[in-house]
Amino acid sequence: MKQALIGVDVGTSSARAGVFDESGMLLATARHPITTWHEAGSVVEQSSTDIWAACVASVRAAMADAALPASAVKGIGFDATCSLVVLDAGGNPLTVSTSGDARRNVIVWMDHRATAEARLVNDTHDDVLRYVGGSISPEMEIPKLLWLKRHLPSTYHAAGHFLDLADYLSFRATGSTARSTCTVTCKWNFLAHEQRWSGSYFERIGLGDLASDGYAKIGKDIVAPGTPLGVGLTGLAAFDLGLLEGTPVGASLIDAHAGGVGTIGGRVKSNDSVDVCGRLAYIMGTSACIMATTVEPRFVPGVWGPYYSGMVPGFWLNEGGQSAAGAAIDHLIRSHPAYNEVAAAARSAGTEILEFLERRIVSGSANPGEAALVARDVHVLPEFLGNRSPFADPDSRAIVGGLDLDADIGSMSRLFVAGLCGLAYGLADVVDVFRSHGVDSNLMVIGGGAGRSSLVRQIMADTTGLTVALPETQEPVLLGAAMLGAVAGGLYRSIGEAMASMSAIGWLSEPTAPGMADFHRSKRQVHGLMRQ
């Protein structure tokens with residue numbers, strides 16, 4: 001009987017499940033939407049109960065599509081956005097909403113309500129902040145906890161568990177309160193290289209009470225990603241998911257980091273040896289993460305990290321990012337007056353609107369790289385949610401320049417490509433600051449939905465000077481989550497071994513066409529002026 005592994009990925013808008021075999025071949029996938037509440041003041045909330053139900057629906061649907069019995073599943077792994085889940089001591093939801101709605105117990109990663117609290121933390125200049133690029137982000141969990149303590153003290157003091165969403169999923173699956181090194185190091189200021197929380201830091205920022213009972217509310221037991229948790233799936237979780245009680249569950253990863261694990265170890269040829277330190281992972285979804293692995297810690301201003309074992313156990317991680325990536329492109333397109341007309345044309349053609357636009361644009365150019373020329377006179381700084389790195393400015397906002405009164409599909413195409421160029425220049429800013437601090441790579445492996453776009457990949461390659469690679473699997477984030485289950489289930493001895501055995505590179509970018517590097521260099525100068 002075929003052995004199977006399940007990866008579950010919870011993104012911003014949906015939960016997805018993928019069923020893989022032990023070689024990393026995708027057998028089936030399924031997706032289920034998640035309810036999100038948006039309110040004024042950059043408030044974005046979700047429900048952990050709804051998220052678990054979405055995971056259940058997607059796992060059951062994927063298993064049905066794979067037509068495999070539950071006994072074939074040898075391990076399961078979860079990844080998720082770095083959202084904050086609040087539960088009482090019995091594991092029940094506690095509201096994080098000023099509405100008082102008990103269902104709303106998740107502060108989503110993109111919620112910026114804690115911007116003032118992030119400033120208060122940063123004003124301490126505590127040594128811990130060296131390990132987040134010198135400046136904590138309101139997207140991280142400690143500012144959110146401080147916001148709860150200041151604005152919803154009843155929830156804060158009643159809480160029995162504060163969990164990153166990825167750790168909540170493994171808790172819901174196994175009953176284990178162990179936290180992943182990935183989540184607490186990258187988003188909670190855990191000092192993994194010293195295996196400790198900083199009591200003086202928490203005292204300084206006003207959260208000293210978290211130290212009680214050995215930091216039990218935020219993580220007393222910290223384990224490496226892929227570590228088997230508890231005794232595997234509990235009877236209740238197994239019933240929910242349609243799997244067998246005791247199925248091994250690996251400690252989780254943040255979603256982008258699962259994408260990194262699912263991509264950077266891929267072989268170009270079957271007998272290749274892979275140096276993960278020579279590769280960047282670029283995971284592009286609603287937001288984007290640019291991740292670099294190093295043997296020694298590299299302190300890069302404005303870039304999160306260095307995090308020890310934050311992604312690949314035993315290595316240091318630097319994590320750049322863009323708070324709005326896919327979300328920025330969607331917003332640009334929806335704001336254009338031709339949106340409804342083009343959306344209808346895309347539906348008639350049986351495709352998504354962005355794919356429809358890309359086909360039209362690329363078909364009029366000699367190659368995908370030269371398609372960027374349509375955006376010669378339109379410029380976009382796509383920082384709708386601020387700049388995550390390397391400028392660490394959550395108050396930065398988007399700028400669009402060069403628009404005229406045209407309202408047709410050609411105008412929308414120019415805006416679309418200009419938005420992609422703006423994202424590429426933000427990526428290049430991160431790559432440049434990496435290089436200036438000794439983090440050098442020659443290959444970037446791109447994952448996430450946008451990675452399937454030849455236009456996106458070539459613009460990224462032409463802008464950064466890196467070779468851009470596409471993983472063989474269409475679902476690198478789900479694959480990374482499945483690798484956690486593979487390690488927990490004993491199919492592989494380590495994350496590194498799973499990466500080497502289950503992933504491969506499927507495509508490499510073309511050389512930059514003549515003149516395109518100079519074209520992007522000129523547009524980057526405009527991009528830099530827009531930032532000032």
# chains A, B, ... in the order shown; residues from 1 in each chain; ligands from 1
call {"tool": "residues_around", "arguments": {"residues": "Ser71 in chain A", "least_positions_apart": "2", "cutoff": "10 Å", "atoms": "only C-alpha atoms", "output": "NGL selection string"}}
result
:A and (1-4 or 68-69 or 73-74 or 243-244 or 247)
call {"tool": "residues_around", "arguments": {"residues": "range 328-332 of chain A", "least_positions_apart": "5", "cutoff": "9 Å", "atoms": "only C-alpha atoms", "output": "tab-separated table (two decimals) with N, CA, C and O atoms, in the first residue's frame"}}
result
chain	number	residue	atom	x	y	z
A	286	THR	N	-0.33	36.52	-0.02
A	286	THR	CA	-0.90	37.81	0.35
A	286	THR	C	0.20	38.79	0.70
A	286	THR	O	0.19	39.96	0.31
A	287	SER	N	1.17	38.31	1.49
A	287	SER	CA	2.42	39.03	1.74
A	287	SER	C	3.55	38.24	1.11
A	287	SER	O	3.30	37.24	0.43
A	323	SER	N	4.91	43.38	3.37
A	323	SER	CA	3.63	43.16	4.05
A	323	SER	C	2.47	43.00	3.07
A	323	SER	O	1.49	42.33	3.37
A	354	LEU	N	-5.88	37.75	-13.32
A	354	LEU	CA	-4.44	38.03	-13.43
A	354	LEU	C	-3.80	37.17	-14.52
A	354	LEU	O	-2.92	37.64	-15.25
A	382	PRO	N	4.37	49.77	-3.81
A	382	PRO	CA	3.19	49.02	-3.37
A	382	PRO	C	3.13	48.76	-1.86
A	382	PRO	O	2.81	47.66	-1.41
A	383	GLU	N	3.40	49.79	-1.07
A	383	GLU	CA	3.49	49.61	0.38
A	383	GLU	C	2.17	49.98	1.07
A	383	GLU	O	2.11	50.87	1.93
A	384	PHE	N	1.11	49.28	0.69
A	384	PHE	CA	-0.22	49.55	1.23
A	384	PHE	C	-0.29	49.24	2.73
A	384	PHE	O	-1.11	49.80	3.44
A	385	LEU	N	0.55	48.32	3.19
A	385	LEU	CA	0.60	47.95	4.62
A	385	LEU	C	1.94	48.31	5.24
A	385	LEU	O	2.39	47.66	6.18
A	412	MET	N	-5.03	49.14	-17.56
A	412	MET	CA	-4.97	48.18	-16.47
A	412	MET	C	-3.72	47.32	-16.58
A	412	MET	O	-3.06	47.02	-15.58
A	415	LEU	N	-0.72	49.21	-15.30
A	415	LEU	CA	-0.74	49.31	-13.84
A	415	LEU	C	-0.34	47.97	-13.21
A	415	LEU	O	0.42	47.93	-12.23
A	416	PHE	N	-0.83	46.88	-13.76
A	416	PHE	CA	-0.52	45.54	-13.27
A	416	PHE	C	0.99	45.28	-13.33
A	416	PHE	O	1.61	44.88	-12.34
A	419	GLY	N	2.94	47.37	-10.91
A	419	GLY	CA	2.86	46.81	-9.56
A	419	GLY	C	3.83	45.67	-9.35
A	419	GLY	O	4.50	45.58	-8.31
A	420	LEU	N	3.94	44.79	-10.35
A	420	LEU	CA	4.90	43.69	-10.26
A	420	LEU	C	6.33	44.22	-10.19
A	420	LEU	O	7.16	43.70	-9.43
A	423	LEU	N	7.04	45.47	-6.67
A	423	LEU	CA	7.36	44.37	-5.76
A	423	LEU	C	8.77	43.87	-6.00
A	423	LEU	O	9.51	43.55	-5.05
call {"tool": "residues_around", "arguments": {"residues": "Tyr307 in chain A", "least_positions_apart": "2", "cutoff": "6 Å", "atoms": "only C-alpha atoms", "output": "PyMOL selection string"}}
result
chain A and resi 305+310+316-317
call {"tool": "residues_around", "arguments": {"residues": "range 448-461 of chain A", "least_positions_apart": "3", "cutoff": "7 Å", "atoms": "only C-alpha atoms", "output": "VMD selection string"}}
result
chain A and resid 283 to 285 368 to 369 420 to 421 424 464 to 468 470 509
call {"tool": "write_last_selection", "arguments": {"atoms": "N, CA and C atoms", "output": "short mmCIF file (atom, residue, chain, number, x, y, z; two decimals), in the first residue's frame"}}
result
data_model
loop_
_atom_site.label_atom_id
_atom_site.label_comp_id
_atom_site.auth_asym_id
_atom_site.auth_seq_id
_atom_site.Cartn_x
_atom_site.Cartn_y
_atom_site.Cartn_z
N ILE A 283 8.77 33.48 -0.89
CA ILE A 283 7.43 32.91 -0.80
C ILE A 283 6.43 34.04 -0.92
N MET A 284 5.69 34.04 -2.02
CA MET A 284 4.83 35.17 -2.36
C MET A 284 3.37 34.75 -2.31
N GLY A 285 2.65 35.28 -1.33
CA GLY A 285 1.22 35.09 -1.24
C GLY A 285 0.56 36.44 -1.01
N PRO A 368 8.89 37.09 -21.82
CA PRO A 368 8.29 37.63 -20.59
C PRO A 368 9.05 38.82 -20.01
N GLY A 369 10.39 38.80 -20.11
CA GLY A 369 11.15 39.90 -19.54
C GLY A 369 10.83 41.23 -20.19
N LEU A 420 3.94 44.79 -10.35
CA LEU A 420 4.90 43.69 -10.26
C LEU A 420 6.33 44.22 -10.19
N CYS A 421 6.62 45.26 -10.99
CA CYS A 421 7.95 45.86 -10.93
C CYS A 421 8.21 46.45 -9.55
N ALA A 424 9.17 43.78 -7.26
CA ALA A 424 10.52 43.30 -7.58
C ALA A 424 11.58 44.26 -7.05
N THR A 464 16.94 41.56 -9.87
CA THR A 464 17.89 41.22 -8.81
C THR A 464 19.22 40.71 -9.32
N GLY A 465 19.27 40.22 -10.57
CA GLY A 465 20.48 39.58 -11.08
C GLY A 465 20.63 38.15 -10.62
N LEU A 466 19.65 37.63 -9.88
CA LEU A 466 19.68 36.24 -9.43
C LEU A 466 19.04 35.34 -10.48
N THR A 467 19.49 34.09 -10.52
CA THR A 467 18.74 33.07 -11.25
C THR A 467 17.53 32.73 -10.39
N VAL A 468 16.35 32.75 -10.99
CA VAL A 468 15.12 32.43 -10.26
C VAL A 468 14.69 31.02 -10.65
N LEU A 470 11.96 27.69 -10.06
CA LEU A 470 10.62 27.26 -9.68
C LEU A 470 10.71 25.82 -9.20
N SER A 509 15.09 30.49 -14.58
CA SER A 509 14.80 31.68 -15.38
C SER A 509 15.75 31.80 -16.57
#
call {"tool": "closest_atom_pairs", "arguments": {"of": "range 238-295 of chain A", "to": "range 9-28 of chain A", "cutoff": "12 Å", "atoms": "only C-alpha atoms", "output": "tab-separated table"}}
result
residue	atom	partner	partner_atom	distance
A:Leu241	CA	A:Ala17	CA	11.0
A:Ser252	CA	A:Asp9	CA	10.1
A:Leu253	CA	A:Asp9	CA	9.5
A:Ile254	CA	A:Asp9	CA	9.1
A:Asp255	CA	A:Asp9	CA	6.6
A:Ala256	CA	A:Gly11	CA	9.5
A:His257	CA	A:Asp9	CA	11.1
A:Ala258	CA	A:Asp9	CA	8.6
A:Gly259	CA	A:Asp9	CA	9.8
A:Gly262	CA	A:Gly24	CA	9.4
A:Thr263	CA	A:Gly24	CA	11.4
A:Gly266	CA	A:Gly24	CA	10.7
A:Met284	CA	A:Gly11	CA	11.5
A:Gly285	CA	A:Gly11	CA	8.5
A:Thr286	CA	A:Thr12	CA	7.2
A:Ser287	CA	A:Thr12	CA	9.3
call {"tool": "closest_residue", "arguments": {"among": "A:Val431, A:Val342, A:Ala238, A:Leu94", "to": "Gly410 in chain A", "atoms": "only C-alpha atoms"}}
result
A:Val342
call {"tool": "residues_around", "arguments": {"residues": "Cys186 in chain A", "least_positions_apart": "3", "cutoff": "9 Å", "atoms": "only C-alpha atoms", "output": "list in words"}}
result
Tyr131, Val132, Met140, Thr181, Cys182, Thr183, Asn189, Phe190, Ile254, Trp304, Gly305, Pro306, Tyr307, Gly310 and Glu319 of chain A
call {"tool": "select_by_dssp", "arguments": {"residues": "range 26-98 of chain A", "states": "strand (DSSP E or B)", "output": "list in words"}}
result
Leu26, Leu27, Ala28, Thr29, Ala30, Arg31, His32, Pro33, Trp37, His38, Glu39, Val43, Val44, Glu45, Gln46, Val73, Lys74, Gly75, Ile76, Gly77, Phe78, Asp79, Ala80, Leu84, Val85, Val86, Leu87, Asp88 and Pro93 of chain A
call {"tool": "write_last_selection", "arguments": {"atoms": "N, CA and C atoms", "output": "compact mmCIF listing (two decimals), in the first residue's frame"}}
result
# COMPACT_ATOMS: atom_id res chain seq x y z
N LEU A 26 2.80 15.08 -5.33
CA LEU A 26 1.48 15.52 -4.89
C LEU A 26 0.42 14.57 -5.44
N LEU A 27 -0.42 14.05 -4.53
CA LEU A 27 -1.48 13.12 -4.92
C LEU A 27 -2.85 13.79 -4.98
N ALA A 28 -3.07 14.78 -4.12
CA ALA A 28 -4.38 15.45 -4.10
C ALA A 28 -4.28 16.70 -3.25
N THR A 29 -5.12 17.68 -3.57
CA THR A 29 -5.22 18.89 -2.74
C THR A 29 -6.68 19.28 -2.60
N ALA A 30 -6.94 20.09 -1.58
CA ALA A 30 -8.27 20.66 -1.40
C ALA A 30 -8.14 21.94 -0.60
N ARG A 31 -9.12 22.81 -0.73
CA ARG A 31 -9.10 24.13 -0.09
C ARG A 31 -10.47 24.43 0.51
N HIS A 32 -10.46 25.17 1.64
CA HIS A 32 -11.72 25.59 2.24
C HIS A 32 -11.54 27.02 2.76
N PRO A 33 -12.52 27.90 2.53
CA PRO A 33 -12.35 29.31 2.92
C PRO A 33 -12.42 29.50 4.44
N TRP A 37 -12.92 38.95 9.79
CA TRP A 37 -13.59 40.20 10.13
C TRP A 37 -12.59 41.36 9.98
N HIS A 38 -12.95 42.37 9.21
CA HIS A 38 -12.13 43.57 9.05
C HIS A 38 -12.87 44.75 9.69
N GLU A 39 -12.16 45.55 10.46
CA GLU A 39 -12.74 46.74 11.05
C GLU A 39 -11.77 47.91 10.94
N VAL A 43 -7.82 46.63 12.01
CA VAL A 43 -8.22 45.45 12.78
C VAL A 43 -8.63 44.32 11.84
N VAL A 44 -8.00 43.15 12.03
CA VAL A 44 -8.31 41.97 11.22
C VAL A 44 -8.36 40.78 12.17
N GLU A 45 -9.51 40.11 12.25
CA GLU A 45 -9.70 39.03 13.23
C GLU A 45 -10.28 37.78 12.57
N GLN A 46 -9.98 36.64 13.18
CA GLN A 46 -10.53 35.36 12.72
C GLN A 46 -10.93 34.51 13.92
N VAL A 73 -1.75 7.02 5.85
CA VAL A 73 -1.14 8.28 6.29
C VAL A 73 -0.17 8.01 7.43
N LYS A 74 1.11 8.30 7.18
CA LYS A 74 2.18 8.02 8.15
C LYS A 74 2.60 9.25 8.95
N GLY A 75 2.06 10.41 8.61
CA GLY A 75 2.39 11.61 9.36
C GLY A 75 1.67 12.81 8.80
N ILE A 76 1.49 13.83 9.64
CA ILE A 76 0.82 15.05 9.24
C ILE A 76 1.55 16.24 9.85
N GLY A 77 1.64 17.33 9.09
CA GLY A 77 2.26 18.55 9.58
C GLY A 77 1.40 19.74 9.25
N PHE A 78 1.48 20.78 10.09
CA PHE A 78 0.70 21.99 9.92
C PHE A 78 1.62 23.20 9.75
N ASP A 79 1.20 24.13 8.93
CA ASP A 79 1.81 25.46 8.91
C ASP A 79 0.69 26.48 8.88
N ALA A 80 1.03 27.72 9.26
CA ALA A 80 -0.01 28.75 9.29
C ALA A 80 0.62 30.13 9.31
N LEU A 84 -2.08 35.48 16.12
CA LEU A 84 -2.12 35.21 17.55
C LEU A 84 -3.46 34.60 17.94
N VAL A 85 -3.43 33.43 18.59
CA VAL A 85 -4.62 32.75 19.07
C VAL A 85 -4.66 32.83 20.59
N VAL A 86 -5.82 33.20 21.13
CA VAL A 86 -5.96 33.33 22.59
C VAL A 86 -7.03 32.35 23.07
N LEU A 87 -6.63 31.52 24.05
CA LEU A 87 -7.52 30.52 24.64
C LEU A 87 -7.51 30.64 26.16
N ASP A 88 -8.58 30.18 26.80
CA ASP A 88 -8.56 30.11 28.26
C ASP A 88 -7.84 28.83 28.69
N PRO A 93 -12.00 29.45 23.24
CA PRO A 93 -11.66 30.76 22.70
C PRO A 93 -11.96 31.89 23.66
call {"tool": "select_by_dssp", "arguments": {"residues": "range 29-252 of chain A", "states": "alpha helix (DSSP H)", "output": "PyMOL selection string"}}
result
chain A and resi 48-66+115-122+141-151+153-158+165-174+181-187+199-205+212-215+235-241
call {"tool": "residues_around", "arguments": {"residues": "range 524-531 of chain A", "least_positions_apart": "6", "cutoff": "8 Å", "atoms": "only C-alpha atoms", "output": "PyMOL selection string"}}
result
chain A and resi 379-381+399+422+425
call {"tool": "closest_residue", "arguments": {"among": "A:Ala61, A:Leu443, A:Ile290, A:Ala517", "to": "Val274 in chain A", "atoms": "only C-alpha atoms"}}
result
A:Leu443
call {"tool": "residues_around", "arguments": {"residues": "range 114-128 of chain A", "least_positions_apart": "2", "cutoff": "7 Å", "atoms": "only C-alpha atoms", "output": "count of residues only"}}
result
14
